[in-house]
Amino acid sequence: MNVMKRYLTEAQQGELLRTINKHAGLLARRDSAWVRLLQSTGMRLNELVLMTVGDAELALRHGRLFVPKERRKGGHRDHDYLVTEPVRRALADLLAVRREQGHADILTAPLVMSRKHVALTARAYEQRVASWAVLAGLGEKVSPHWFRHTRAMNIMRRSTASDPRGVVQAALGHASISSTGVYTRITKEDMEEALREVDGPRRLRRRDMRRAYEGRVGA
(Lines give C-alpha, C1' and ligand atoms only; values in the text may rest on other atoms or scores of the structure.)
Protein backbone atom coordinates (compact mmCIF):
# COMPACT_ATOMS: atom_id res chain seq x y z
CA MET A 1 0.00 0.00 0.00
CA ASN A 2 1.36 3.40 -0.95
CA VAL A 3 0.51 5.50 2.10
CA MET A 4 1.53 8.69 0.34
CA LYS A 5 -1.38 8.35 -2.06
CA ARG A 6 -3.93 7.59 0.63
CA TYR A 7 -4.50 10.81 2.52
CA LEU A 8 -6.50 13.99 1.98
CA THR A 9 -4.93 17.36 1.33
CA GLU A 10 -6.09 20.41 3.28
CA ALA A 11 -8.37 21.41 0.41
CA GLN A 12 -9.84 17.91 0.08
CA GLN A 13 -10.54 17.69 3.80
CA GLY A 14 -12.49 20.93 3.62
CA GLU A 15 -14.39 19.90 0.50
CA LEU A 16 -15.43 16.57 1.98
CA LEU A 17 -16.85 18.18 5.12
CA ARG A 18 -18.54 20.96 3.15
CA THR A 19 -20.22 18.33 0.99
CA ILE A 20 -21.51 16.38 3.98
CA ASN A 21 -22.62 19.49 5.85
CA LYS A 22 -24.65 20.75 2.88
CA HIS A 23 -27.07 17.85 3.38
CA ALA A 24 -29.80 18.00 5.97
CA GLY A 25 -30.84 15.23 8.29
CA LEU A 26 -29.50 13.18 11.19
CA LEU A 27 -27.49 10.77 9.06
CA ALA A 28 -25.51 13.56 7.43
CA ARG A 29 -24.91 15.16 10.84
CA ARG A 30 -23.83 11.78 12.22
CA ASP A 31 -21.46 11.18 9.30
CA SER A 32 -19.98 14.66 9.59
CA ALA A 33 -19.28 14.02 13.27
CA TRP A 34 -17.53 10.67 12.88
CA VAL A 35 -15.54 11.88 9.87
CA ARG A 36 -14.34 14.81 12.00
CA LEU A 37 -13.55 12.43 14.86
CA LEU A 38 -11.41 10.20 12.64
CA GLN A 39 -9.78 13.22 11.03
CA SER A 40 -8.95 14.79 14.40
CA THR A 41 -7.63 11.67 16.13
CA GLY A 42 -6.31 9.35 13.42
CA MET A 43 -7.91 6.43 15.22
CA ARG A 44 -8.39 3.15 13.39
CA LEU A 45 -11.85 2.24 12.14
CA ASN A 46 -12.18 -0.76 14.44
CA GLU A 47 -11.58 1.50 17.43
CA LEU A 48 -14.49 3.68 16.34
CA VAL A 49 -16.76 0.72 15.58
CA LEU A 50 -16.30 -0.56 19.15
CA MET A 51 -16.60 2.82 20.87
CA THR A 52 -19.40 3.12 23.41
CA VAL A 53 -21.44 5.93 24.90
CA GLY A 54 -19.48 5.50 28.12
CA ASP A 55 -16.18 5.91 26.26
CA ALA A 56 -17.36 9.20 24.75
CA GLU A 57 -18.74 10.58 28.02
CA LEU A 58 -15.58 9.65 29.92
CA ALA A 59 -13.45 11.32 27.24
CA LEU A 60 -15.48 14.53 27.47
CA ARG A 61 -15.15 14.49 31.24
CA HIS A 62 -11.43 13.78 31.50
CA GLY A 63 -9.96 15.07 28.22
CA ARG A 64 -8.60 11.73 27.05
CA LEU A 65 -10.29 9.22 24.75
CA PHE A 66 -9.17 5.84 26.05
CA VAL A 67 -8.85 2.84 23.74
CA PRO A 68 -8.10 -0.45 25.54
CA LYS A 69 -5.53 -2.75 23.98
CA GLU A 70 -8.22 -5.34 23.31
CA ARG A 71 -9.65 -3.03 20.63
CA ARG A 72 -6.32 -2.09 19.07
CA LYS A 73 -4.42 -3.63 16.19
CA GLY A 74 -2.05 -6.21 17.63
CA GLY A 75 -3.58 -5.83 21.08
CA HIS A 76 -0.23 -5.09 22.72
CA ARG A 77 -0.97 -1.96 24.75
CA ASP A 78 -3.62 0.57 25.65
CA HIS A 79 -3.71 3.97 23.96
CA ASP A 80 -5.50 7.27 24.40
CA TYR A 81 -6.20 10.24 22.16
CA LEU A 82 -6.09 13.81 23.42
CA VAL A 83 -9.51 15.45 23.38
CA THR A 84 -8.70 18.64 21.51
CA GLU A 85 -11.51 21.06 20.67
CA PRO A 86 -12.36 19.37 17.31
CA VAL A 87 -12.47 15.98 19.06
CA ARG A 88 -14.69 17.36 21.82
CA ARG A 89 -17.15 18.82 19.31
CA ALA A 90 -17.25 15.60 17.29
CA LEU A 91 -17.95 13.46 20.36
CA ALA A 92 -20.61 15.86 21.64
CA ASP A 93 -22.28 15.87 18.22
CA LEU A 94 -22.30 12.07 18.05
CA LEU A 95 -23.95 11.86 21.46
CA ALA A 96 -26.51 14.49 20.48
CA VAL A 97 -27.38 12.74 17.22
CA ARG A 98 -27.73 9.45 19.04
CA ARG A 99 -30.23 10.98 21.44
CA GLU A 100 -32.19 12.53 18.58
CA GLN A 101 -32.36 9.08 17.03
CA GLY A 102 -34.23 8.05 20.17
CA HIS A 103 -31.52 6.09 21.96
CA ALA A 104 -30.98 6.21 25.70
CA ASP A 105 -27.53 7.03 27.10
CA ILE A 106 -26.65 3.46 28.11
CA LEU A 107 -22.94 3.49 28.90
CA THR A 108 -22.20 0.15 27.23
CA ALA A 109 -24.23 0.91 24.09
CA PRO A 110 -22.52 1.65 20.74
CA LEU A 111 -21.80 5.33 20.17
CA VAL A 112 -22.63 5.45 16.45
CA MET A 113 -25.93 3.92 15.36
CA SER A 114 -27.33 3.08 11.95
CA ARG A 115 -30.75 4.02 10.63
CA LYS A 116 -31.81 0.49 11.63
CA HIS A 117 -30.94 1.30 15.25
CA VAL A 118 -27.96 -1.04 15.48
CA ALA A 119 -24.26 -0.27 15.66
CA LEU A 120 -22.85 1.00 12.39
CA THR A 121 -20.66 -1.74 10.91
CA ALA A 122 -17.16 -1.31 9.48
CA ARG A 123 -18.54 -2.02 6.01
CA ALA A 124 -21.20 0.67 6.46
CA TYR A 125 -18.55 3.22 7.45
CA GLU A 126 -16.58 2.34 4.32
CA GLN A 127 -19.63 2.67 2.09
CA ARG A 128 -20.69 5.96 3.63
CA VAL A 129 -17.32 7.67 3.31
CA ALA A 130 -16.86 6.36 -0.26
CA SER A 131 -20.26 7.76 -1.20
CA TRP A 132 -19.52 11.16 0.31
CA ALA A 133 -16.10 11.25 -1.32
CA VAL A 134 -17.64 10.68 -4.75
CA LEU A 135 -20.11 13.51 -4.14
CA ALA A 136 -17.20 15.73 -3.11
CA GLY A 137 -15.35 14.92 -6.31
CA LEU A 138 -12.57 13.00 -4.54
CA GLY A 139 -13.11 9.66 -6.28
CA GLU A 140 -14.41 6.37 -4.98
CA LYS A 141 -11.24 4.99 -3.37
CA VAL A 142 -11.32 7.08 -0.18
CA SER A 143 -11.73 4.89 2.89
CA PRO A 144 -11.93 5.57 6.65
CA HIS A 145 -8.28 4.54 7.04
CA TRP A 146 -7.27 7.52 4.90
CA PHE A 147 -8.10 9.74 7.88
CA ARG A 148 -5.36 8.08 9.92
CA HIS A 149 -2.78 8.97 7.29
CA THR A 150 -4.38 12.41 6.94
CA ARG A 151 -4.01 13.05 10.67
CA ALA A 152 -0.33 12.15 10.48
CA MET A 153 0.24 14.43 7.49
CA ASN A 154 -1.59 17.30 9.20
CA ILE A 155 0.70 16.97 12.22
CA MET A 156 3.82 16.83 10.06
CA ARG A 157 2.79 19.95 8.16
CA ARG A 158 1.27 22.06 10.91
CA SER A 159 3.35 21.22 13.98
CA THR A 160 6.20 23.48 15.04
CA ALA A 161 7.54 20.83 17.44
CA SER A 162 11.24 20.01 17.20
CA ASP A 163 10.32 16.39 16.44
CA PRO A 164 6.98 16.25 14.61
CA ARG A 165 7.59 12.61 13.68
CA GLY A 166 7.74 11.78 17.37
CA VAL A 167 4.45 13.64 17.86
CA VAL A 168 2.87 11.50 15.14
CA GLN A 169 4.19 8.33 16.78
CA ALA A 170 2.75 9.29 20.16
CA ALA A 171 -0.55 10.64 18.81
CA LEU A 172 -1.31 7.61 16.63
CA GLY A 173 0.14 5.05 19.01
CA HIS A 174 2.75 3.61 16.67
CA ALA A 175 4.82 0.99 18.47
CA SER A 176 7.94 2.00 16.55
CA ILE A 177 9.18 5.29 15.14
CA SER A 178 9.98 3.41 11.93
CA SER A 179 6.23 3.14 11.30
CA THR A 180 6.10 6.92 11.19
CA GLY A 181 8.99 7.38 8.79
CA VAL A 182 6.79 7.13 5.72
CA TYR A 183 5.21 10.51 6.54
CA THR A 184 8.54 12.29 6.13
CA ARG A 185 8.72 11.45 2.43
CA ILE A 186 8.18 14.30 0.03
CA THR A 187 4.61 14.59 -1.21
CA LYS A 188 3.32 15.48 -4.64
CA GLU A 189 2.10 18.83 -3.32
CA ASP A 190 5.51 19.60 -1.79
CA MET A 191 7.24 18.71 -5.04
CA GLU A 192 4.92 20.87 -7.14
CA GLU A 193 5.32 23.84 -4.80
CA ALA A 194 9.11 23.49 -4.87
CA LEU A 195 9.18 23.32 -8.67
CA ARG A 196 6.95 26.39 -8.95
CA GLU A 197 9.34 28.19 -6.65
CA VAL A 198 12.35 27.09 -8.73
CA ASP A 199 10.83 27.82 -12.13
CA GLY A 200 8.75 30.84 -11.18
CA PRO A 201 9.76 34.48 -11.13
CA ARG A 202 13.03 35.08 -9.34
CA ARG A 203 12.87 37.06 -6.13
CA LEU A 204 14.27 40.54 -6.76
CA ARG A 205 17.21 41.55 -4.64
CA ARG A 206 17.23 45.03 -3.15
CA ARG A 207 20.02 46.22 -5.45
CA ASP A 208 17.99 45.02 -8.47
CA MET A 209 15.04 47.03 -7.25
CA ARG A 210 17.32 50.07 -6.86
CA ARG A 211 18.48 49.71 -10.46
CA ALA A 212 14.92 49.40 -11.69
CA TYR A 213 13.93 52.47 -9.72
CA GLU A 214 16.83 54.50 -11.05
CA GLY A 215 15.96 53.38 -14.56
CA ARG A 216 12.42 54.68 -14.16
CA VAL A 217 13.35 58.04 -12.70
CA GLY A 218 16.40 58.54 -14.89
CA ALA A 219 18.84 58.78 -11.99
# chains A, B, ... in the order shown; residues from 1 in each chain; ligands from 1
>>> residues_around(residues="region 63-73 of chain A", least_positions_apart="3", cutoff="9 Å", atoms="only C-alpha atoms", output="mmCIF file with all heavy atoms, in the first residue's frame")
data_model
loop_
_atom_site.group_PDB
_atom_site.id
_atom_site.type_symbol
_atom_site.label_atom_id
_atom_site.label_comp_id
_atom_site.auth_asym_id
_atom_site.auth_seq_id
_atom_site.Cartn_x
_atom_site.Cartn_y
_atom_site.Cartn_z
ATOM 1 N N ARG A 44 -8.034 4.194 14.353
ATOM 2 C CA ARG A 44 -8.394 3.154 13.386
ATOM 3 C C ARG A 44 -9.895 2.928 13.395
ATOM 4 O O ARG A 44 -10.573 3.165 14.396
ATOM 5 C CB ARG A 44 -7.667 1.855 13.703
ATOM 6 C CG ARG A 44 -6.157 1.912 13.466
ATOM 7 C CD ARG A 44 -5.534 0.540 13.662
ATOM 8 N NE ARG A 44 -4.121 0.562 13.303
ATOM 9 C CZ ARG A 44 -3.132 0.815 14.154
ATOM 10 N NH1 ARG A 44 -3.424 1.091 15.433
ATOM 11 N NH2 ARG A 44 -1.878 0.795 13.756
ATOM 12 N N ASN A 46 -11.684 0.206 13.469
ATOM 13 C CA ASN A 46 -12.175 -0.757 14.441
ATOM 14 C C ASN A 46 -12.334 -0.130 15.818
ATOM 15 O O ASN A 46 -13.246 -0.501 16.579
ATOM 16 C CB ASN A 46 -11.223 -1.951 14.525
ATOM 17 C CG ASN A 46 -11.762 -3.061 15.407
ATOM 18 O OD1 ASN A 46 -12.804 -3.636 15.128
ATOM 19 N ND2 ASN A 46 -11.068 -3.370 16.495
ATOM 20 N N GLU A 47 -11.478 0.827 16.142
ATOM 21 C CA GLU A 47 -11.583 1.503 17.429
ATOM 22 C C GLU A 47 -12.859 2.331 17.504
ATOM 23 O O GLU A 47 -13.485 2.416 18.566
ATOM 24 C CB GLU A 47 -10.354 2.390 17.640
ATOM 25 C CG GLU A 47 -9.054 1.611 17.721
ATOM 26 C CD GLU A 47 -7.807 2.477 17.675
ATOM 27 O OE1 GLU A 47 -7.962 3.723 17.637
ATOM 28 O OE2 GLU A 47 -6.697 1.929 17.678
ATOM 29 N N LEU A 50 -16.093 0.011 17.810
ATOM 30 C CA LEU A 50 -16.303 -0.558 19.146
ATOM 31 C C LEU A 50 -16.487 0.493 20.236
ATOM 32 O O LEU A 50 -16.686 0.152 21.400
ATOM 33 C CB LEU A 50 -15.115 -1.453 19.515
ATOM 34 C CG LEU A 50 -14.915 -2.682 18.606
ATOM 35 C CD1 LEU A 50 -13.658 -3.437 19.001
ATOM 36 C CD2 LEU A 50 -16.125 -3.603 18.668
ATOM 37 N N MET A 51 -16.463 1.764 19.867
ATOM 38 C CA MET A 51 -16.599 2.817 20.872
ATOM 39 C C MET A 51 -18.013 2.857 21.440
ATOM 40 O O MET A 51 -18.990 2.699 20.710
ATOM 41 C CB MET A 51 -16.229 4.177 20.284
ATOM 42 C CG MET A 51 -16.101 5.268 21.337
ATOM 43 S SD MET A 51 -15.649 6.875 20.612
ATOM 44 C CE MET A 51 -14.111 6.428 19.832
ATOM 45 N N ASP A 55 -17.508 5.461 26.703
ATOM 46 C CA ASP A 55 -16.182 5.915 26.263
ATOM 47 C C ASP A 55 -16.208 7.395 25.917
ATOM 48 O O ASP A 55 -15.314 8.151 26.285
ATOM 49 C CB ASP A 55 -15.733 5.121 25.024
ATOM 50 C CG ASP A 55 -15.517 3.642 25.309
ATOM 51 O OD1 ASP A 55 -15.144 3.304 26.448
ATOM 52 O OD2 ASP A 55 -15.726 2.829 24.386
ATOM 53 N N ALA A 56 -17.243 7.800 25.185
ATOM 54 C CA ALA A 56 -17.358 9.197 24.754
ATOM 55 C C ALA A 56 -17.580 10.118 25.948
ATOM 56 O O ALA A 56 -16.956 11.189 26.055
ATOM 57 C CB ALA A 56 -18.499 9.345 23.758
ATOM 58 N N LEU A 58 -16.781 9.617 29.095
ATOM 59 C CA LEU A 58 -15.581 9.654 29.918
ATOM 60 C C LEU A 58 -14.523 10.556 29.276
ATOM 61 O O LEU A 58 -13.827 11.309 29.962
ATOM 62 C CB LEU A 58 -15.025 8.253 30.108
ATOM 63 C CG LEU A 58 -14.026 8.046 31.258
ATOM 64 C CD1 LEU A 58 -14.700 8.310 32.598
ATOM 65 C CD2 LEU A 58 -13.443 6.645 31.219
ATOM 66 N N ALA A 59 -14.416 10.482 27.953
ATOM 67 C CA ALA A 59 -13.452 11.322 27.238
ATOM 68 C C ALA A 59 -13.782 12.797 27.403
ATOM 69 O O ALA A 59 -12.890 13.631 27.621
ATOM 70 C CB ALA A 59 -13.440 10.950 25.756
ATOM 71 N N LEU A 60 -15.061 13.139 27.313
ATOM 72 C CA LEU A 60 -15.477 14.533 27.470
ATOM 73 C C LEU A 60 -15.243 15.019 28.894
ATOM 74 O O LEU A 60 -14.961 16.197 29.116
ATOM 75 C CB LEU A 60 -16.950 14.686 27.099
ATOM 76 C CG LEU A 60 -17.278 14.507 25.612
ATOM 77 C CD1 LEU A 60 -18.790 14.522 25.398
ATOM 78 C CD2 LEU A 60 -16.616 15.602 24.778
ATOM 79 N N HIS A 76 -1.387 -5.047 21.831
ATOM 80 C CA HIS A 76 -0.231 -5.090 22.716
ATOM 81 C C HIS A 76 -0.327 -4.119 23.888
ATOM 82 O O HIS A 76 0.146 -4.414 24.986
ATOM 83 C CB HIS A 76 1.046 -4.801 21.924
ATOM 84 C CG HIS A 76 1.302 -5.793 20.831
ATOM 85 N ND1 HIS A 76 1.363 -7.150 21.063
ATOM 86 C CD2 HIS A 76 1.508 -5.632 19.495
ATOM 87 C CE1 HIS A 76 1.607 -7.788 19.929
ATOM 88 N NE2 HIS A 76 1.681 -6.888 18.960
ATOM 89 N N ARG A 77 -0.923 -2.936 23.654
ATOM 90 C CA ARG A 77 -0.966 -1.965 24.745
ATOM 91 C C ARG A 77 -2.132 -1.003 24.557
ATOM 92 O O ARG A 77 -2.620 -0.801 23.455
ATOM 93 C CB ARG A 77 0.338 -1.187 24.836
ATOM 94 C CG ARG A 77 0.713 -0.423 23.580
ATOM 95 C CD ARG A 77 2.018 0.316 23.771
ATOM 96 N NE ARG A 77 2.381 1.080 22.583
ATOM 97 C CZ ARG A 77 3.445 1.872 22.509
ATOM 98 N NH1 ARG A 77 4.216 2.015 23.559
ATOM 99 N NH2 ARG A 77 3.708 2.532 21.395
ATOM 100 N N ASP A 78 -2.549 -0.412 25.678
ATOM 101 C CA ASP A 78 -3.621 0.574 25.652
ATOM 102 C C ASP A 78 -3.115 1.857 24.967
ATOM 103 O O ASP A 78 -1.913 2.082 24.843
ATOM 104 C CB ASP A 78 -4.070 0.924 27.067
ATOM 105 C CG ASP A 78 -4.597 -0.273 27.845
ATOM 106 O OD1 ASP A 78 -5.100 -1.216 27.207
ATOM 107 O OD2 ASP A 78 -4.477 -0.266 29.090
ATOM 108 N N HIS A 79 -4.062 2.685 24.559
ATOM 109 C CA HIS A 79 -3.711 3.966 23.956
ATOM 110 C C HIS A 79 -4.794 4.974 24.311
ATOM 111 O O HIS A 79 -5.912 4.603 24.692
ATOM 112 C CB HIS A 79 -3.594 3.844 22.438
ATOM 113 C CG HIS A 79 -3.119 5.099 21.765
ATOM 114 N ND1 HIS A 79 -1.917 5.691 22.063
ATOM 115 C CD2 HIS A 79 -3.715 5.898 20.824
ATOM 116 C CE1 HIS A 79 -1.766 6.772 21.327
ATOM 117 N NE2 HIS A 79 -2.835 6.935 20.583
ATOM 118 N N ASP A 80 -4.469 6.244 24.218
ATOM 119 C CA ASP A 80 -5.498 7.266 24.397
ATOM 120 C C ASP A 80 -5.210 8.425 23.463
ATOM 121 O O ASP A 80 -4.055 8.690 23.112
ATOM 122 C CB ASP A 80 -5.579 7.748 25.850
ATOM 123 C CG ASP A 80 -4.310 8.426 26.322
ATOM 124 O OD1 ASP A 80 -4.154 9.635 26.077
ATOM 125 O OD2 ASP A 80 -3.452 7.741 26.919
ATOM 126 N N TYR A 81 -6.284 9.084 23.044
ATOM 127 C CA TYR A 81 -6.195 10.242 22.162
ATOM 128 C C TYR A 81 -6.568 11.494 22.945
ATOM 129 O O TYR A 81 -7.553 11.490 23.700
ATOM 130 C CB TYR A 81 -7.143 10.091 20.965
ATOM 131 C CG TYR A 81 -6.831 8.893 20.097
ATOM 132 C CD1 TYR A 81 -7.522 7.694 20.261
ATOM 133 C CD2 TYR A 81 -5.846 8.956 19.118
ATOM 134 C CE1 TYR A 81 -7.239 6.588 19.464
ATOM 135 C CE2 TYR A 81 -5.562 7.862 18.315
ATOM 136 C CZ TYR A 81 -6.260 6.679 18.491
ATOM 137 O OH TYR A 81 -5.969 5.581 17.704
ATOM 138 N N LEU A 82 -5.800 12.542 22.753
ATOM 139 C CA LEU A 82 -6.088 13.807 23.422
ATOM 140 C C LEU A 82 -7.387 14.391 22.889
ATOM 141 O O LEU A 82 -7.610 14.435 21.678
ATOM 142 C CB LEU A 82 -4.946 14.793 23.181
ATOM 143 C CG LEU A 82 -5.097 16.175 23.809
ATOM 144 C CD1 LEU A 82 -5.070 16.075 25.332
ATOM 145 C CD2 LEU A 82 -3.996 17.112 23.315
ATOM 146 N N VAL A 83 -8.244 14.835 23.786
ATOM 147 C CA VAL A 83 -9.510 15.450 23.384
ATOM 148 C C VAL A 83 -9.254 16.932 23.136
ATOM 149 O O VAL A 83 -9.406 17.774 24.032
ATOM 150 C CB VAL A 83 -10.607 15.229 24.436
ATOM 151 C CG1 VAL A 83 -11.911 15.907 24.001
ATOM 152 C CG2 VAL A 83 -10.846 13.740 24.633
ATOM 153 N N THR A 84 -8.846 17.242 21.922
ATOM 154 C CA THR A 84 -8.705 18.635 21.510
ATOM 155 C C THR A 84 -10.106 19.180 21.221
ATOM 156 O O THR A 84 -11.097 18.439 21.254
ATOM 157 C CB THR A 84 -7.830 18.734 20.254
ATOM 158 O OG1 THR A 84 -8.441 17.962 19.206
ATOM 159 C CG2 THR A 84 -6.425 18.202 20.526
ATOM 160 N N ARG A 88 -13.586 17.136 20.879
ATOM 161 C CA ARG A 88 -14.695 17.363 21.819
ATOM 162 C C ARG A 88 -15.998 17.635 21.082
ATOM 163 O O ARG A 88 -17.043 17.066 21.408
ATOM 164 C CB ARG A 88 -14.354 18.547 22.735
ATOM 165 C CG ARG A 88 -15.380 18.774 23.848
ATOM 166 C CD ARG A 88 -15.280 20.162 24.445
ATOM 167 N NE ARG A 88 -15.644 21.196 23.479
ATOM 168 C CZ ARG A 88 -16.907 21.472 23.135
ATOM 169 N NH1 ARG A 88 -17.920 20.801 23.661
ATOM 170 N NH2 ARG A 88 -17.148 22.427 22.251
#
>>> residues_around(residues="His149 (chain A)", least_positions_apart="3", cutoff="8 Å", atoms="only C-alpha atoms", output="PyMOL selection string")
chain A and resi 3+6-7+42+145-146+152-153
>>> write_last_selection(atoms="N, CA and C atoms", output="CSV table (one decimal), in the first residue's frame")
chain,number,residue,atom,x,y,z
A,3,VAL,N,1.1,4.6,1.1
A,3,VAL,CA,0.5,5.5,2.1
A,3,VAL,C,0.4,6.9,1.5
A,6,ARG,N,-2.7,7.9,-0.1
A,6,ARG,CA,-3.9,7.6,0.6
A,6,ARG,C,-4.1,8.5,1.8
A,7,TYR,N,-4.2,9.8,1.5
A,7,TYR,CA,-4.5,10.8,2.5
A,7,TYR,C,-5.2,12.0,1.8
A,42,GLY,N,-7.1,10.3,14.2
A,42,GLY,CA,-6.3,9.4,13.4
A,42,GLY,C,-6.6,7.9,13.9
A,145,HIS,N,-9.7,4.6,6.6
A,145,HIS,CA,-8.3,4.5,7.0
A,145,HIS,C,-7.5,5.7,6.5
A,146,TRP,N,-8.0,6.3,5.4
A,146,TRP,CA,-7.3,7.5,4.9
A,146,TRP,C,-7.2,8.6,6.0
A,152,ALA,N,-1.8,12.1,10.4
A,152,ALA,CA,-0.3,12.2,10.5
A,152,ALA,C,0.2,13.3,9.6
A,153,MET,N,-0.3,13.4,8.4
A,153,MET,CA,0.2,14.4,7.5
A,153,MET,C,-0.1,15.8,8.0
>>> closest_residue(among="A:Ala24, A:Leu172, A:Leu111, A:Met43", to="Phe147 (chain A)", atoms="only C-alpha atoms")
A:Met43
>>> residues_around(residues="region 130-143 of chain A", least_positions_apart="2", cutoff="7 Å", atoms="only C-alpha atoms", output="PyMOL selection string")
chain A and resi 15-16+19-20+126-128+145-146
>>> select_by_dssp(residues="region 24-83 of chain A", states="helix (DSSP H, G or I)", output="ChimeraX atom specification")
/A:26-41,45-49,53-62,69-71
>>> select_by_dssp(residues="region 39-143 of chain A", states="strand (DSSP E or B)", output="list in words")
Thr52, Arg64, Leu65, Phe66, Val67, His79, Asp80, Tyr81, Leu82, Pro110, Met113 and Ala119 of chain A
>>> closest_residue(among="A:Asp208, A:Met113, A:Ala119, A:Gly173", to="Gly75 (chain A)", atoms="only C-alpha atoms")
A:Gly173
>>> atom_distance(atom1="CA of Val129 (chain A)", atom2="CA of Gln101 (chain A)")
20.4 Å
